[in-house]
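Colleague: Input model26.cif, format and content: mmCIF, C-alpha atoms (C1' of nucleotides).
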```cif
data_protein
#
loop_
_atom_site.label_atom_id
_atom_site.label_comp_id
_atom_site.auth_asym_id
_atom_site.auth_seq_id
_atom_site.Cartn_x
_atom_site.Cartn_y
_atom_site.Cartn_z
CA MET A 27 38.77 87.12 87.14
CA SER A 28 35.65 88.98 86.22
CA VAL A 29 32.60 87.43 84.62
CA GLN A 30 29.65 88.79 86.47
CA THR A 31 31.15 90.26 89.59
CA THR A 32 27.69 91.43 90.50
CA ALA A 33 25.91 88.67 92.35
CA SER A 34 27.19 85.51 94.00
CA LYS A 35 26.69 86.46 97.59
CA THR A 36 23.39 86.71 99.35
CA ALA A 37 21.12 85.84 96.45
CA ALA A 38 19.05 83.75 98.83
CA SER A 39 17.18 86.81 100.06
CA ASN A 40 14.81 88.12 97.42
CA GLY A 41 13.67 86.10 94.45
CA ALA A 42 13.09 86.94 90.82
CA ALA A 43 9.92 85.59 89.27
CA ARG A 44 8.53 84.65 92.65
CA THR A 45 4.94 83.68 92.22
CA THR A 46 4.16 82.57 95.74
CA THR A 47 3.05 79.13 94.54
CA PRO A 48 5.24 76.12 95.32
CA HIS A 49 5.86 75.47 91.66
CA GLY A 50 6.69 79.10 91.16
CA GLU A 51 9.25 78.92 93.92
CA ALA A 52 10.73 75.80 92.42
CA TRP A 53 11.12 77.66 89.16
CA GLY A 54 12.71 80.60 90.91
CA ALA A 55 15.20 78.32 92.58
CA LEU A 56 15.90 76.63 89.27
CA ALA A 57 16.54 79.93 87.53
CA ARG A 58 18.79 81.33 90.22
CA THR A 59 20.72 78.12 90.66
CA HIS A 60 21.31 77.91 86.95
CA ALA A 61 22.58 81.46 86.93
CA ALA A 62 24.81 80.93 89.93
CA VAL A 63 26.41 77.73 88.67
CA SER A 64 26.76 79.14 85.19
CA GLN A 65 28.58 82.15 86.60
CA ARG A 66 30.85 79.98 88.63
CA LEU A 67 31.80 77.99 85.56
CA GLN A 68 32.45 81.10 83.52
CA GLU A 69 34.59 82.60 86.23
CA ALA A 70 36.66 79.45 86.42
CA LEU A 71 37.13 79.42 82.65
CA ALA A 72 38.04 83.10 82.56
CA GLN A 73 40.60 82.62 85.32
CA GLY A 74 42.36 79.98 83.26
CA ASP A 75 42.25 82.16 80.12
CA PHE A 76 39.89 79.73 78.49
CA PRO A 77 37.16 80.58 75.99
CA PRO A 78 33.62 81.18 77.26
CA LEU A 79 31.19 78.49 78.35
CA PRO A 80 29.26 78.14 75.08
CA TRP A 81 32.47 77.13 73.38
CA TYR A 82 32.97 74.36 75.88
CA GLU A 83 29.39 73.21 75.52
CA MET A 84 29.73 73.06 71.78
CA LEU A 85 33.02 71.19 71.83
CA ALA A 86 31.66 68.77 74.43
CA ALA A 87 28.48 68.13 72.49
CA ILE A 88 30.37 67.35 69.32
CA ALA A 89 32.99 65.27 71.09
CA ASP A 90 30.29 63.16 72.71
CA SER A 91 28.70 62.40 69.36
CA PRO A 92 29.80 59.17 67.65
CA ASP A 93 31.47 60.67 64.58
CA GLN A 94 32.98 63.71 66.25
CA ARG A 95 30.67 65.80 64.12
CA MET A 96 27.11 67.09 64.31
CA ARG A 97 24.61 68.62 61.96
CA MET A 98 23.93 72.28 62.51
CA GLY A 99 20.31 71.66 63.35
CA GLU A 100 21.14 68.99 65.90
CA LEU A 101 23.68 71.24 67.54
CA ALA A 102 21.25 74.12 67.76
CA GLU A 103 18.75 71.84 69.41
CA ALA A 104 21.27 70.39 71.85
CA MET A 105 22.55 73.79 72.87
CA VAL A 106 19.09 75.33 72.87
CA ILE A 107 19.93 78.32 70.71
CA THR A 108 18.52 79.45 67.39
CA ARG A 109 19.92 78.19 64.11
CA GLY A 110 21.03 81.67 63.21
CA GLY A 111 22.88 82.08 66.43
CA LEU A 112 24.48 78.71 65.99
CA THR A 113 25.80 79.52 62.53
CA LYS A 114 27.68 82.48 63.94
CA LEU A 115 28.91 80.61 66.97
CA VAL A 116 30.29 77.87 64.75
CA ASP A 117 31.88 80.57 62.59
CA ARG A 118 33.88 81.75 65.58
CA LEU A 119 35.07 78.29 66.53
CA VAL A 120 36.02 77.62 62.93
CA LYS A 121 37.98 80.85 62.79
CA ALA A 122 39.72 79.79 65.99
CA GLY A 123 40.75 76.55 64.31
CA LEU A 124 38.77 74.32 66.65
CA LEU A 125 36.15 73.11 64.18
CA GLU A 126 35.73 72.76 60.48
CA ARG A 127 32.65 72.60 58.32
CA THR A 128 32.10 69.44 56.37
CA PHE A 129 29.28 68.60 54.03
CA CYS A 130 26.92 65.77 53.37
CA GLU A 131 27.19 63.84 50.14
CA THR A 132 23.64 62.57 49.97
CA ASP A 133 21.87 65.75 51.07
CA ARG A 134 23.70 68.84 50.03
CA ARG A 135 21.64 71.11 52.24
CA VAL A 136 23.11 69.81 55.46
CA SER A 137 26.48 70.82 56.82
CA TYR A 138 28.34 69.37 59.76
CA ALA A 139 30.42 70.98 62.44
CA THR A 140 33.37 68.64 62.75
CA LEU A 141 35.83 68.57 65.61
CA LEU A 142 39.47 69.25 64.76
CA PRO A 143 42.43 68.04 66.82
CA ALA A 144 42.95 71.51 68.23
CA GLY A 145 39.36 71.41 69.44
CA GLN A 146 39.91 68.04 71.08
CA HIS A 147 42.99 69.29 72.86
CA LEU A 148 41.30 72.42 74.09
CA LEU A 149 38.34 70.40 75.30
CA ALA A 150 40.68 68.08 77.17
CA GLU A 151 42.09 71.09 78.98
CA MET A 152 38.72 72.61 79.75
CA ARG A 153 36.93 69.50 80.91
CA PRO A 154 38.74 69.12 84.23
CA VAL A 155 38.07 72.75 85.05
CA ILE A 156 34.36 72.32 84.44
CA VAL A 157 34.11 68.95 86.12
CA GLY A 158 35.99 70.24 89.14
CA GLU A 159 33.71 73.22 89.57
CA LEU A 160 30.64 71.04 89.20
CA GLU A 161 31.93 68.65 91.82
CA VAL A 162 32.33 71.52 94.22
CA ALA A 163 28.88 72.86 93.52
CA PHE A 164 27.01 69.55 93.43
CA SER A 165 28.79 66.89 95.43
CA ALA A 166 28.87 69.02 98.55
CA ASN A 167 25.11 68.70 98.71
CA LEU A 168 24.17 65.68 96.63
CA SER A 169 25.15 62.06 96.68
CA VAL A 170 25.51 60.31 93.35
CA ARG A 171 22.11 58.78 93.91
CA GLN A 172 20.57 62.16 94.62
CA ALA A 173 22.20 63.67 91.57
CA GLU A 174 20.60 61.00 89.43
CA GLU A 175 17.23 61.64 90.98
CA LEU A 176 17.62 65.34 90.39
CA ARG A 177 18.43 64.67 86.77
CA GLU A 178 15.34 62.51 86.36
CA THR A 179 13.13 65.09 88.00
CA LEU A 180 14.46 67.86 85.80
CA ASP A 181 14.16 65.74 82.67
CA GLY A 182 10.53 65.15 83.52
CA VAL A 183 9.88 68.85 83.86
CA ARG A 184 11.63 69.53 80.62
CA GLY A 185 9.47 66.94 78.93
CA SER A 186 6.33 68.73 80.04
CA ALA A 187 7.74 72.10 79.09
CA CYS A 188 8.68 70.99 75.59
CA GLY A 189 5.77 68.78 74.66
CA GLY A 190 3.34 71.41 75.72
CA GLY A 191 1.45 69.79 78.52
CA MET B 21 4.46 83.22 68.15
CA SER B 22 8.16 82.95 67.75
CA VAL B 23 10.74 83.12 70.53
CA GLN B 24 13.23 80.40 69.80
CA THR B 25 11.47 78.21 67.30
CA THR B 26 14.62 76.18 67.15
CA ALA B 27 14.52 73.61 69.88
CA SER B 28 11.63 72.32 71.95
CA LYS B 29 11.24 68.88 70.47
CA THR B 30 13.59 65.99 70.98
CA ALA B 31 16.13 67.76 73.16
CA ALA B 32 16.42 64.59 75.20
CA SER B 33 18.85 63.04 72.74
CA ASN B 34 22.25 64.64 72.97
CA GLY B 35 23.35 66.80 75.87
CA ALA B 36 25.35 70.00 76.06
CA ALA B 37 28.10 70.11 78.68
CA ARG B 38 27.86 66.39 79.24
CA THR B 39 30.76 65.33 81.36
CA THR B 40 29.84 61.69 81.85
CA THR B 41 29.87 62.11 85.63
CA PRO B 42 26.55 61.96 87.50
CA HIS B 43 26.95 65.50 88.69
CA GLY B 44 27.80 66.60 85.20
CA GLU B 45 24.62 65.03 83.90
CA ALA B 46 22.64 66.71 86.63
CA TRP B 47 24.08 70.03 85.53
CA GLY B 48 23.27 69.28 81.91
CA ALA B 49 19.69 68.49 82.82
CA LEU B 50 19.50 71.65 84.89
CA ALA B 51 20.78 73.79 82.02
CA ARG B 52 18.49 72.28 79.41
CA THR B 53 15.45 72.35 81.66
CA HIS B 54 16.06 75.98 82.48
CA ALA B 55 16.32 76.78 78.79
CA ALA B 56 13.20 74.83 77.91
CA VAL B 57 11.01 76.33 80.62
CA SER B 58 12.38 79.78 79.96
CA GLN B 59 11.48 79.42 76.31
CA ARG B 60 8.02 78.26 77.13
CA LEU B 61 7.45 81.29 79.33
CA GLN B 62 8.76 83.66 76.70
CA GLU B 63 6.58 82.12 74.04
CA ALA B 64 3.53 82.49 76.24
CA LEU B 65 4.34 86.12 76.92
CA ALA B 66 4.98 86.85 73.26
CA GLN B 67 1.68 85.26 72.30
CA GLY B 68 -0.18 87.61 74.62
CA ASP B 69 1.76 90.63 73.33
CA PHE B 70 3.43 91.03 76.68
CA PRO B 71 6.94 92.34 77.31
CA PRO B 72 9.79 89.87 77.63
CA LEU B 73 10.52 87.72 80.65
CA PRO B 74 13.15 89.96 82.28
CA TRP B 75 10.54 92.70 82.56
CA TYR B 76 8.25 90.36 84.41
CA GLU B 77 11.02 89.22 86.70
CA MET B 78 11.92 92.77 87.53
CA LEU B 79 8.34 93.85 88.19
CA ALA B 80 7.76 90.75 90.31
CA ALA B 81 10.91 91.28 92.34
CA ILE B 82 10.03 94.87 93.13
CA ALA B 83 6.38 94.07 93.81
CA ASP B 84 7.40 91.39 96.30
CA SER B 85 9.57 93.82 98.21
CA PRO B 86 7.96 95.56 101.18
CA ASP B 87 8.11 99.15 99.92
CA GLN B 88 7.40 98.44 96.28
CA ARG B 89 10.89 99.68 95.56
CA MET B 90 14.40 98.23 95.46
CA ARG B 91 17.91 99.56 95.36
CA MET B 92 19.72 99.05 92.08
CA GLY B 93 22.32 96.82 93.64
CA GLU B 94 19.75 94.60 95.29
CA LEU B 95 17.85 94.26 92.05
CA ALA B 96 20.98 93.33 90.14
CA GLU B 97 21.73 90.65 92.68
CA ALA B 98 18.19 89.29 92.71
CA MET B 99 18.05 89.10 88.92
CA VAL B 100 21.61 87.88 88.61
CA ILE B 101 22.73 90.41 86.04
CA THR B 102 25.48 93.00 86.16
CA ARG B 103 24.91 96.47 87.58
CA GLY B 104 25.56 98.01 84.19
CA GLY B 105 23.03 95.78 82.53
CA LEU B 106 20.52 96.55 85.23
CA THR B 107 20.85 100.29 84.77
CA LYS B 108 19.87 99.95 81.14
CA LEU B 109 17.09 97.49 81.83
CA VAL B 110 15.59 99.85 84.39
CA ASP B 111 15.94 102.65 81.85
CA ARG B 112 13.66 100.76 79.49
CA LEU B 113 11.01 100.07 82.10
CA VAL B 114 11.13 103.70 83.17
CA LYS B 115 10.70 104.84 79.59
CA ALA B 116 7.73 102.46 79.34
CA GLY B 117 6.15 104.16 82.35
CA LEU B 118 6.27 101.07 84.55
CA LEU B 119 8.88 102.24 87.03
CA GLU B 120 10.33 105.48 88.28
CA ARG B 121 13.65 106.28 89.86
CA THR B 122 13.58 107.64 93.37
CA PHE B 123 16.48 108.68 95.53
CA CYS B 124 17.67 108.17 99.05
CA GLU B 125 17.80 111.15 101.40
CA THR B 126 20.44 109.82 103.73
CA ASP B 127 22.80 108.37 101.12
CA ARG B 128 22.76 110.25 97.90
CA ARG B 129 24.65 107.56 96.03
CA VAL B 130 21.79 105.10 96.10
CA SER B 131 18.82 105.18 93.79
CA TYR B 132 15.69 103.09 93.92
CA ALA B 133 13.62 101.51 91.20
CA THR B 134 10.08 102.17 92.35
CA LEU B 135 6.99 100.46 91.02
CA LEU B 136 4.37 102.69 89.39
CA PRO B 137 0.66 101.84 89.13
CA ALA B 138 1.07 101.00 85.46
CA GLY B 139 3.72 98.50 86.46
CA GLN B 140 1.45 96.94 89.04
CA HIS B 141 -1.33 96.58 86.52
CA LEU B 142 0.90 95.04 83.91
CA LEU B 143 2.30 92.63 86.47
CA ALA B 144 -1.21 91.62 87.45
CA GLU B 145 -1.89 90.75 83.83
CA MET B 146 1.33 88.86 83.34
CA ARG B 147 1.32 86.84 86.54
CA PRO B 148 -1.48 84.45 85.58
CA VAL B 149 0.21 83.74 82.27
CA ILE B 150 3.46 82.83 83.99
CA VAL B 151 1.83 80.91 86.80
CA GLY B 152 -0.28 78.98 84.34
CA GLU B 153 2.68 77.94 82.24
CA LEU B 154 4.62 76.91 85.31
CA GLU B 155 1.74 74.79 86.50
CA VAL B 156 1.70 72.98 83.19
CA ALA B 157 5.43 72.41 83.23
CA PHE B 158 5.82 71.47 86.88
CA SER B 159 2.61 70.10 88.31
CA ALA B 160 2.34 67.44 85.61
CA ASN B 161 5.42 65.82 87.10
CA LEU B 162 5.75 67.11 90.63
CA SER B 163 3.51 67.11 93.64
CA VAL B 164 3.60 70.14 95.86
CA ARG B 165 5.77 68.19 98.25
CA GLN B 166 8.19 67.25 95.47
CA ALA B 167 8.33 70.81 94.24
CA GLU B 168 9.38 71.94 97.68
CA GLU B 169 12.04 69.26 97.84
CA LEU B 170 13.32 70.30 94.45
CA ARG B 171 13.53 73.86 95.61
CA GLU B 172 15.50 72.87 98.68
CA THR B 173 17.89 70.74 96.67
CA LEU B 174 18.51 73.53 94.19
CA ASP B 175 18.97 76.11 96.92
CA GLY B 176 21.60 73.89 98.46
CA VAL B 177 23.47 73.64 95.20
CA ARG B 178 23.26 77.36 94.73
CA GLY B 179 24.67 77.86 98.18
CA SER B 180 27.72 75.80 97.30
CA ALA B 181 28.11 77.50 93.97
CA CYS B 182 27.97 80.98 95.46
CA GLY B 183 29.91 80.59 98.65
CA GLY B 184 32.75 78.88 96.87
CA GLY B 185 32.64 75.41 98.25
"C1'" DC C 9 9.09 66.19 34.62
"C1'" DA C 10 7.73 70.84 35.85
"C1'" DG C 11 6.22 73.58 39.80
"C1'" DA C 12 4.96 74.10 44.55
"C1'" DA C 13 5.89 73.07 49.19
"C1'" DG C 14 9.16 71.98 52.72
"C1'" DA C 15 13.72 71.48 55.04
"C1'" DG C 16 18.55 73.00 56.24
"C1'" DA C 17 21.43 76.57 56.74
"C1'" DT C 18 23.19 81.47 56.26
"C1'" DT C 19 22.95 86.61 56.44
"C1'" DG C 20 21.30 91.32 57.89
"C1'" DT C 21 19.84 93.98 61.56
"C1'" DA C 22 18.26 95.38 65.94
"C1'" DG C 23 18.31 94.66 70.76
"C1'" DA C 24 20.33 93.15 75.01
"C1'" DT C 25 24.31 91.88 77.98
"C1'" DA C 26 28.92 91.89 79.86
"C1'" DC C 27 33.05 94.25 80.82
"C1'" DA C 28 35.72 98.13 81.83
"C1'" DA C 29 36.26 102.92 82.74
"C1'" DC C 30 34.24 106.75 84.87
"C1'" DT C 31 31.60 110.07 88.17
"C1'" DA C 32 29.78 111.06 92.52
"C1'" DT C 33 29.16 110.21 97.31
"C1'" DT C 34 30.43 108.21 101.72
"C1'" DG C 35 33.60 106.24 105.09
"C1'" DT C 36 38.20 105.89 107.36
"C1'" DC C 37 42.21 107.37 109.54
"C1'" DA C 38 46.24 110.03 110.40
"C1'" DT D 15 40.40 118.51 108.53
"C1'" DG D 16 42.34 116.53 104.34
"C1'" DA D 17 43.79 112.69 101.67
"C1'" DC D 18 42.82 107.98 100.35
"C1'" DA D 19 40.07 104.05 99.92
"C1'" DA D 20 35.56 102.02 99.29
"C1'" DT D 21 30.78 102.01 97.66
"C1'" DA D 22 26.69 102.94 94.40
"C1'" DG D 23 25.41 103.85 89.82
"C1'" DT D 24 26.06 105.19 85.10
"C1'" DT D 25 28.07 105.25 80.47
"C1'" DG D 26 30.82 103.66 76.31
"C1'" DT D 27 32.01 99.90 73.56
"C1'" DA D 28 32.24 95.36 71.80
"C1'" DT D 29 30.14 91.03 71.62
"C1'" DC D 30 26.53 87.98 71.43
"C1'" DT D 31 21.79 86.49 70.45
"C1'" DA D 32 17.21 86.41 68.56
"C1'" DC D 33 14.28 87.32 64.81
"C1'" DA D 34 13.08 87.71 60.08
"C1'" DA D 35 14.24 87.37 55.37
"C1'" DT D 36 16.75 84.84 52.00
"C1'" DC D 37 19.15 81.17 49.48
"C1'" DT D 38 19.89 76.47 48.09
"C1'" DC D 39 18.55 71.93 47.82
"C1'" DT D 40 15.13 68.16 48.35
"C1'" DT D 41 10.63 66.08 48.21
"C1'" DC D 42 6.03 65.83 47.01
"C1'" DT D 43 2.30 66.06 43.55
"C1'" DG D 44 -0.19 66.51 39.40
#
```
Mind converting the file's structure to structure tokens?
Modeller:
Amino acid sequence: MSVQTTASKTAASNGAARTTTPHGEAWGALARTHAAVSQRLQEALAQGDFPPLPWYEMLAAIADSPDQRMRMGELAEAMVITRGGLTKLVDRLVKAGLLERTFCETDRRVSYATLLPAGQHLLAEMRPVIVGELEVAFSANLSVRQAEELRETLDGVRGSACGGG
Amino acid sequence: MSVQTTASKTAASNGAARTTTPHGEAWGALARTHAAVSQRLQEALAQGDFPPLPWYEMLAAIADSPDQRMRMGELAEAMVITRGGLTKLVDRLVKAGLLERTFCETDRRVSYATLLPAGQHLLAEMRPVIVGELEVAFSANLSVRQAEELRETLDGVRGSACGGG
DNA sequence: CAGAAGAGATTGTAGATACAACTATTGTCA
DNA sequence: TGACAATAGTTGTATCTACAATCTCTTCTG
């Protein structure tokens, strides 16, 4: 246990970034919900002596890609962190024996983060923990249909936020 | 300009934390949307030479409270950061002349973060920037009614995530 | 085919956050 | 009342991340 022992109780009271407009409140709810769920996931991982959430996200992203490998730039984009930050994150997973760096023959600038068996095994252990926590958090309130609608709504918002309007 | 030049283009392709379940995808969309909107807000603030987003969130939280002041613990909970982190964040805003620390007569353990006029003025300048960006991101896709529904849905999820299921 | 412009990734450094240990104050109970 | 537990904040330390500068390699252009 540990991982942000601070909140996770009555957070429904006061709101950060409240702007009094409906859209502002939606954003506030989005931010707090993200934080709450994220904390829950990290607590669950810490309880099982697993690595932190970003490690899981990286392993999952690579595992879901067709060749079990991803270019650094793609990974940075998928995980929404800077390229510099990604380089160092990959460094840690490589040092832990979960990934290895491979290189591109045709374009020698690009390097891949490639999943190793140890990474696959660890991911297989972590996935049920994450999925279980998400089920608790989401399925108590949302049907499968509603979850899909939520995803579509959020994807739409993200589209506007990225594109620029 | 700057603030995370990495992503913000085709993030719709591959997904971090994808678990293949509907709820997992909803969580993935939630995480990426939060990151995208958050980035957009930070870019907008940076462009206007404003302080970073957590400063705005803190000023807004305190300004929305009845006495223009909040206990450290409450603030930490509202902003979903640790108490230790909050102490240092408040330190910075105090040093910037936006807040001051005040103390409780009846319980000398508690200290308040109290809004100063400079903080109010800065908040008044930042609010329209934030609100404007949120309108672009949200109102393009969501009616007021839909925004409220989204807020309710997310609050429900947060309730499950906090309480424990 | 040379040189400039652009793309992909890494490194250095500063700033911010979490975690754990600590101090100070208040509450409880024998 | 006196000891022990609980609560509110702060501080020390390590880790993580963003940002900017840099390096290598590729592509474009004359």
Colleague: Could you tell me how far atom CA of B:Asp87 lies from atom CA of B:Ala66, in Å and to one decimal?
Modeller: 29.5 Å
Colleague: Can you measure atom C1' of C:DT33 to atom CA of B:Asp127 for me? One decimal in Å is fine.
Modeller: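 If I compute the distance from atom C1' of C:DT33 to atom CA of B:Asp127, I get 7.6 Å.
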Colleague: Have a look at atom C1' of C:DA17 and atom CA of A:Met84 and let me know their distance in Å, one decimal.
Modeller: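 Atom-to-atom, atom C1' of C:DA17 and atom CA of A:Met84 are spaced 17.5 Å apart.
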Colleague: Could you name the residues that touch stretch 32-43 of chain D at 12 Å or less, counting only C-alpha atoms (C1' of nucleotides), but leaving out those on the same chain fewer than 3 positions away, as a PDB file with C-alpha atoms (C1' of nucleotides), in the coordinates of the input?
Modeller:
```
ATOM      1  CA  ILE A 107      19.930  78.320  70.710  1.00  0.00           C
ATOM      2  CA  THR A 108      18.520  79.450  67.390  1.00  0.00           C
ATOM      3  CA  ARG A 109      19.920  78.190  64.110  1.00  0.00           C
ATOM      4  CA  GLY A 110      21.030  81.670  63.210  1.00  0.00           C
ATOM      5  CA  GLY A 111      22.880  82.080  66.430  1.00  0.00           C
ATOM      6  CA  LEU A 112      24.480  78.710  65.990  1.00  0.00           C
ATOM      7  CA  CYS A 130      26.920  65.770  53.370  1.00  0.00           C
ATOM      8  CA  THR A 132      23.640  62.570  49.970  1.00  0.00           C
ATOM      9  CA  ASP A 133      21.870  65.750  51.070  1.00  0.00           C
ATOM     10  CA  ARG A 134      23.700  68.840  50.030  1.00  0.00           C
ATOM     11  CA  ARG A 135      21.640  71.110  52.240  1.00  0.00           C
ATOM     12  CA  VAL A 136      23.110  69.810  55.460  1.00  0.00           C
TER      13      VAL A 136
ATOM     14  CA  MET B  21       4.460  83.220  68.150  1.00  0.00           C
ATOM     15  CA  SER B  22       8.160  82.950  67.750  1.00  0.00           C
ATOM     16  CA  VAL B  23      10.740  83.120  70.530  1.00  0.00           C
ATOM     17  CA  GLN B  24      13.230  80.400  69.800  1.00  0.00           C
ATOM     18  CA  THR B  25      11.470  78.210  67.300  1.00  0.00           C
ATOM     19  CA  THR B  26      14.620  76.180  67.150  1.00  0.00           C
ATOM     20  CA  GLN B  59      11.480  79.420  76.310  1.00  0.00           C
TER      21      GLN B  59
ATOM     22  C1'  DC C   9       9.090  66.190  34.620  1.00  0.00           C
ATOM     23  C1'  DA C  10       7.730  70.840  35.850  1.00  0.00           C
ATOM     24  C1'  DG C  11       6.220  73.580  39.800  1.00  0.00           C
ATOM     25  C1'  DA C  12       4.960  74.100  44.550  1.00  0.00           C
ATOM     26  C1'  DA C  13       5.890  73.070  49.190  1.00  0.00           C
ATOM     27  C1'  DG C  14       9.160  71.980  52.720  1.00  0.00           C
ATOM     28  C1'  DA C  15      13.720  71.480  55.040  1.00  0.00           C
ATOM     29  C1'  DG C  16      18.550  73.000  56.240  1.00  0.00           C
ATOM     30  C1'  DA C  17      21.430  76.570  56.740  1.00  0.00           C
ATOM     31  C1'  DT C  18      23.190  81.470  56.260  1.00  0.00           C
ATOM     32  C1'  DT C  19      22.950  86.610  56.440  1.00  0.00           C
ATOM     33  C1'  DG C  20      21.300  91.320  57.890  1.00  0.00           C
ATOM     34  C1'  DT C  21      19.840  93.980  61.560  1.00  0.00           C
ATOM     35  C1'  DA C  22      18.260  95.380  65.940  1.00  0.00           C
ATOM     36  C1'  DG C  23      18.310  94.660  70.760  1.00  0.00           C
ATOM     37  C1'  DA C  24      20.330  93.150  75.010  1.00  0.00           C
TER      38       DA C  24
END
```
Colleague: Name the residues that the PyMOL selection byres ((chain B and resi 91) around 8) pulls out of this structure, and write them as a list in words.
Modeller: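 So the PyMOL selection byres ((chain B and resi 91) around 8), applied here, picks out Arg89, Met90, Met92, Gly93, Glu94, Leu95, Val130, Ser131, Tyr132 and Ala133 of chain B.
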Colleague: Within 10 Å of (31.2, 111.2, 92.4) (coordinates as in the file), grab all the protein and nucleic acid residues, counting only C-alpha atoms (C1' of nucleotides), and write them out as a list in words.
Modeller: Arg129 of chain B; DC30, DT31, DA32, DT33 and DT34 of chain C; DA22 and DG23 of chain D
Colleague: To verify the selection step, state as a PyMOL selection string which residues the PyMOL selection byres ((chain B and resi 113) around 12) yields on this input.
Modeller: chain B and resi 71-72+74-79+106-112+114-121+133-136+138-139+142
Colleague: Restricting the calculation to all atoms listed in the file, which member of A:Thr59, A:His49, A:Gln68, A:Ser91 is positioned closest to chain C?
Modeller: A:Gln68
Colleague: Show which residues sit within 12 Å of stretch 47-50 of chain B, as a JSON list (two decimals) with C-alpha atoms, in the coordinates of the input. Count all atoms listed in the file, and ignore same-chain residues fewer than 6 positions away.
Modeller:
```json
[["chain", "number", "residue", "atom", "x", "y", "z"],
["A", 53, "TRP", "CA", 11.12, 77.66, 89.16],
["A", 55, "ALA", "CA", 15.20, 78.32, 92.58],
["A", 56, "LEU", "CA", 15.90, 76.63, 89.27],
["A", 57, "ALA", "CA", 16.54, 79.93, 87.53],
["A", 58, "ARG", "CA", 18.79, 81.33, 90.22],
["A", 59, "THR", "CA", 20.72, 78.12, 90.66],
["A", 60, "HIS", "CA", 21.31, 77.91, 86.95],
["A", 61, "ALA", "CA", 22.58, 81.46, 86.93],
["A", 62, "ALA", "CA", 24.81, 80.93, 89.93],
["A", 63, "VAL", "CA", 26.41, 77.73, 88.67],
["A", 64, "SER", "CA", 26.76, 79.14, 85.19],
["A", 67, "LEU", "CA", 31.80, 77.99, 85.56],
["A", 83, "GLU", "CA", 29.39, 73.21, 75.52],
["A", 86, "ALA", "CA", 31.66, 68.77, 74.43],
["A", 87, "ALA", "CA", 28.48, 68.13, 72.49],
["A", 104, "ALA", "CA", 21.27, 70.39, 71.85],
["A", 105, "MET", "CA", 22.55, 73.79, 72.87],
["A", 106, "VAL", "CA", 19.09, 75.33, 72.87],
["A", 156, "ILE", "CA", 34.36, 72.32, 84.44],
["A", 157, "VAL", "CA", 34.11, 68.95, 86.12],
["A", 159, "GLU", "CA", 33.71, 73.22, 89.57],
["A", 160, "LEU", "CA", 30.64, 71.04, 89.20],
["A", 161, "GLU", "CA", 31.93, 68.65, 91.82],
["A", 163, "ALA", "CA", 28.88, 72.86, 93.52],
["A", 164, "PHE", "CA", 27.01, 69.55, 93.43],
["A", 165, "SER", "CA", 28.79, 66.89, 95.43],
["A", 168, "LEU", "CA", 24.17, 65.68, 96.63],
["A", 173, "ALA", "CA", 22.20, 63.67, 91.57],
["A", 174, "GLU", "CA", 20.60, 61.00, 89.43],
["A", 175, "GLU", "CA", 17.23, 61.64, 90.98],
["A", 176, "LEU", "CA", 17.62, 65.34, 90.39],
["A", 177, "ARG", "CA", 18.43, 64.67, 86.77],
["A", 178, "GLU", "CA", 15.34, 62.51, 86.36],
["A", 179, "THR", "CA", 13.13, 65.09, 88.00],
["A", 180, "LEU", "CA", 14.46, 67.86, 85.80],
["A", 181, "ASP", "CA", 14.16, 65.74, 82.67],
["A", 182, "GLY", "CA", 10.53, 65.15, 83.52],
["A", 183, "VAL", "CA", 9.88, 68.85, 83.86],
["A", 184, "ARG", "CA", 11.63, 69.53, 80.62],
["A", 185, "GLY", "CA", 9.47, 66.94, 78.93],
["B", 31, "ALA", "CA", 16.13, 67.76, 73.16],
["B", 32, "ALA", "CA", 16.42, 64.59, 75.20],
["B", 33, "SER", "CA", 18.85, 63.04, 72.74],
["B", 34, "ASN", "CA", 22.25, 64.64, 72.97],
["B", 35, "GLY", "CA", 23.35, 66.80, 75.87],
["B", 36, "ALA", "CA", 25.35, 70.00, 76.06],
["B", 37, "ALA", "CA", 28.10, 70.11, 78.68],
["B", 38, "ARG", "CA", 27.86, 66.39, 79.24],
["B", 39, "THR", "CA", 30.76, 65.33, 81.36],
["B", 40, "THR", "CA", 29.84, 61.69, 81.85],
["B", 41, "THR", "CA", 29.87, 62.11, 85.63],
["B", 56, "ALA", "CA", 13.20, 74.83, 77.91],
["B", 57, "VAL", "CA", 11.01, 76.33, 80.62],
["B", 58, "SER", "CA", 12.38, 79.78, 79.96],
["B", 170, "LEU", "CA", 13.32, 70.30, 94.45],
["B", 173, "THR", "CA", 17.89, 70.74, 96.67],
["B", 174, "LEU", "CA", 18.51, 73.53, 94.19],
["B", 177, "VAL", "CA", 23.47, 73.64, 95.20],
["B", 178, "ARG", "CA", 23.26, 77.36, 94.73],
["B", 181, "ALA", "CA", 28.11, 77.50, 93.97]]
```
Colleague: Could you tell me which residues the PyMOL selection byres ((chain D and resi 18) around 10) returns for this structure, as JSON, numbers by chain?
Modeller: {"C": [36, 37], "D": [16, 17, 19, 20]}
Colleague: Which residue gives the smallest distance to chain D among B:Arg165, B:Ala96, B:Cys182, B:Val149, with only C-alpha atoms (C1' of nucleotides) counted?
Modeller: B:Ala96
